[in-house]
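Below is run.txt, holding compact mmCIF, C-alpha atoms.
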# COMPACT_ATOMS: atom_id res chain seq x y z
CA MET J 1 -16.11 -58.11 -57.23
CA PRO J 2 -12.51 -57.31 -56.34
CA SER J 3 -11.02 -57.48 -52.91
CA TRP J 4 -9.76 -53.96 -52.04
CA ASN J 5 -6.77 -52.91 -49.94
CA THR J 6 -7.02 -49.40 -48.50
CA ARG J 7 -5.13 -46.85 -46.46
CA THR J 8 -7.15 -44.18 -44.66
CA THR J 9 -6.42 -40.94 -42.90
CA ASP J 10 -8.88 -38.91 -40.79
CA SER J 11 -11.16 -38.10 -43.72
CA GLU J 12 -9.58 -39.61 -46.84
CA ARG J 13 -9.39 -43.08 -48.39
CA TYR J 14 -6.63 -44.33 -50.70
CA LEU J 15 -6.64 -47.63 -52.61
CA THR J 16 -3.33 -49.46 -52.30
CA GLY J 17 -4.31 -52.62 -54.16
CA ALA J 18 -7.02 -54.88 -55.45
CA SER J 19 -7.33 -58.61 -56.17
CA VAL J 20 -9.54 -60.08 -58.91
CA GLU J 21 -10.13 -63.76 -59.66
CA PHE J 22 -10.14 -64.99 -63.27
CA PHE J 23 -11.38 -68.32 -64.62
CA ASN J 24 -10.18 -70.00 -67.84
CA ARG J 25 -13.12 -71.86 -69.32
CA GLY J 26 -11.03 -72.97 -72.29
CA THR J 27 -9.64 -76.41 -73.06
CA ALA J 28 -6.02 -75.18 -73.11
CA ALA J 29 -3.79 -73.24 -70.74
CA GLY J 30 -2.95 -69.70 -71.76
CA THR J 31 -1.34 -66.40 -70.91
CA PHE J 32 -2.79 -62.90 -70.81
CA SER J 33 -2.50 -59.38 -69.45
CA ALA J 34 -5.08 -57.93 -67.04
CA ILE J 35 -5.94 -54.22 -66.86
CA MET J 36 -7.87 -52.39 -64.12
CA GLN J 37 -9.27 -48.86 -64.43
CA LEU J 38 -11.05 -46.95 -61.66
CA TYR J 39 -13.86 -44.44 -62.26
CA GLN J 40 -15.86 -41.89 -60.30
CA ASP J 41 -19.41 -42.96 -59.54
CA GLY J 42 -21.77 -41.93 -62.35
CA SER J 43 -24.25 -43.26 -64.85
CA PRO J 44 -22.91 -45.76 -65.81
CA ALA J 45 -19.46 -44.44 -64.82
CA GLY J 46 -17.93 -41.03 -64.31
CA ALA J 47 -14.46 -39.64 -64.94
CA THR J 48 -11.44 -41.89 -64.65
CA ILE J 49 -9.44 -41.98 -61.43
CA GLY J 50 -5.76 -42.19 -62.30
CA SER J 51 -4.29 -44.30 -65.08
CA PRO J 52 -5.05 -47.94 -65.85
CA VAL J 53 -2.93 -50.53 -64.01
CA GLN J 54 -1.75 -53.48 -66.11
CA VAL J 55 -0.31 -56.83 -64.99
CA ASN J 56 1.45 -58.74 -67.79
CA GLY J 57 2.55 -62.33 -68.35
CA LEU J 58 -0.20 -64.04 -66.39
CA ALA J 59 -0.49 -67.82 -66.91
CA ILE J 60 -3.66 -69.78 -66.25
CA ALA J 61 -4.40 -73.50 -66.58
CA SER J 62 -7.28 -74.97 -68.56
CA ASN J 63 -10.42 -74.80 -66.40
CA GLY J 64 -8.28 -73.05 -63.81
CA PHE J 65 -8.66 -70.10 -61.46
CA LEU J 66 -6.09 -67.34 -61.02
CA VAL J 67 -6.13 -64.47 -58.51
CA VAL J 68 -4.45 -61.36 -59.94
CA ASP J 69 -3.16 -58.71 -57.54
CA PHE J 70 -3.13 -55.13 -58.83
CA ALA J 71 -0.70 -52.78 -57.07
CA LEU J 72 -2.52 -49.45 -57.23
CA PRO J 73 -0.63 -46.14 -56.91
CA GLU J 74 -2.75 -45.13 -53.88
CA PRO J 75 -5.29 -42.90 -55.64
CA LEU J 76 -7.58 -40.85 -53.40
CA VAL J 77 -11.08 -42.30 -53.91
CA PRO J 78 -14.63 -41.34 -52.92
CA ASN J 79 -16.96 -43.59 -50.90
CA THR J 80 -18.28 -45.23 -54.09
CA VAL J 81 -15.97 -46.37 -56.89
CA VAL J 82 -16.75 -47.96 -60.25
CA PHE J 83 -14.11 -50.29 -61.69
CA GLY J 84 -13.45 -51.95 -65.02
CA VAL J 85 -11.29 -55.01 -65.62
CA SER J 86 -10.25 -56.16 -69.08
CA VAL J 87 -7.87 -58.69 -70.58
CA SER J 88 -5.50 -58.40 -73.56
CA ASN J 89 -2.59 -60.23 -75.16
CA LEU J 90 -4.45 -63.55 -75.02
CA VAL J 91 -2.25 -66.48 -76.09
Whole structure given in structure tokens:
Amino acid sequence: MPSWNTRTTDSERYLTGASVEFFNRGTAAGTFSAIMQLYQDGSPAGATIGSPVQVNGLAIASNGFLVVDFALPEPLVPNTVVFGVSVSNLV
């Protein structure tokens, strides 16, 4: 579950960032890119909220943890949000 950073007004909520922890279960260090996408609540997920946010060039040690901070472009979000996190460019 990510840690969310928000900005609120009288009746609206905006996401300004999120942090997600990754674990490398492998026997070697590596690098990767992490991608986060937000979705409306649905079954299992509704329409996308904004564009995916990608963080590149992440390095993680063997059997190591890494917290990745996503700087979100402050999308307006409902009370319930579905999120997806994926990795790419694994080396």
Just give me the gap between CA of Gly26 in chain J and CA of Val91 in chain J in Å, one decimal is fine.
-> 11.6 Å
For range 48-54 of chain J: contacts at 12 Å, all atoms listed in the file, fewer than 2 positions along chain excluded, given as a ChimeraX atom specification = /J:14-18,32-42,45-46,56-58,68-78,80-89
Identify which of the residues J:Ala47, J:Leu66, J:Ala59, J:Leu90 lies closest to Val20 in chain J, counting only C-alpha atoms when measuring atom-to-atom distances.
-> J:Leu66
Could the centre and edge lengths of an axis-aligned box, enclosing all atoms of range 24-29 of chain J in the file with 8 Å extra on each side, be given in Å to one decimal as AutoDock Vina command-line options?
--center_x -8.5 --center_y -73.2 --center_z -70.5 --size_x 25.3 --size_y 22.4 --size_z 21.3
Counting only C-alpha atoms, which of J:Gly64, J:Asn5, J:Pro44, J:Val55 gets nearest to Phe22 in chain J?
-> J:Gly64
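With CA of Asn24 in chain J on one side and CA of Pro2 in chain J on the other, the separation reads 17.3 Å.
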Pairwise distance for CA of Glu12 in chain J and CA of Ser43 in chain J, rounded to one decimal in Å = 23.5 Å
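The closest residue to Asn79 in chain J, picked from J:Ser19, J:Ser62, J:Thr6, J:Thr27 and counting all atoms listed in the file, is J:Thr6.
The set of protein, DNA and RNA residues with any counted atom at most 6 Å from (-3.2, -70.3, -66.2) (all atoms listed in the file) reads Ala29, Gly30, Ala59, Ile60 and Ala61 of chain J.
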Keeping only C-alpha atoms, write the selected residues as a CSV table (one decimal), in the frame of the given file.
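So part-v3.csv came out as:
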chain,number,residue,atom,x,y,z
J,29,ALA,CA,-3.8,-73.2,-70.7
J,30,GLY,CA,-3.0,-69.7,-71.8
J,59,ALA,CA,-0.5,-67.8,-66.9
J,60,ILE,CA,-3.7,-69.8,-66.2
J,61,ALA,CA,-4.4,-73.5,-66.6
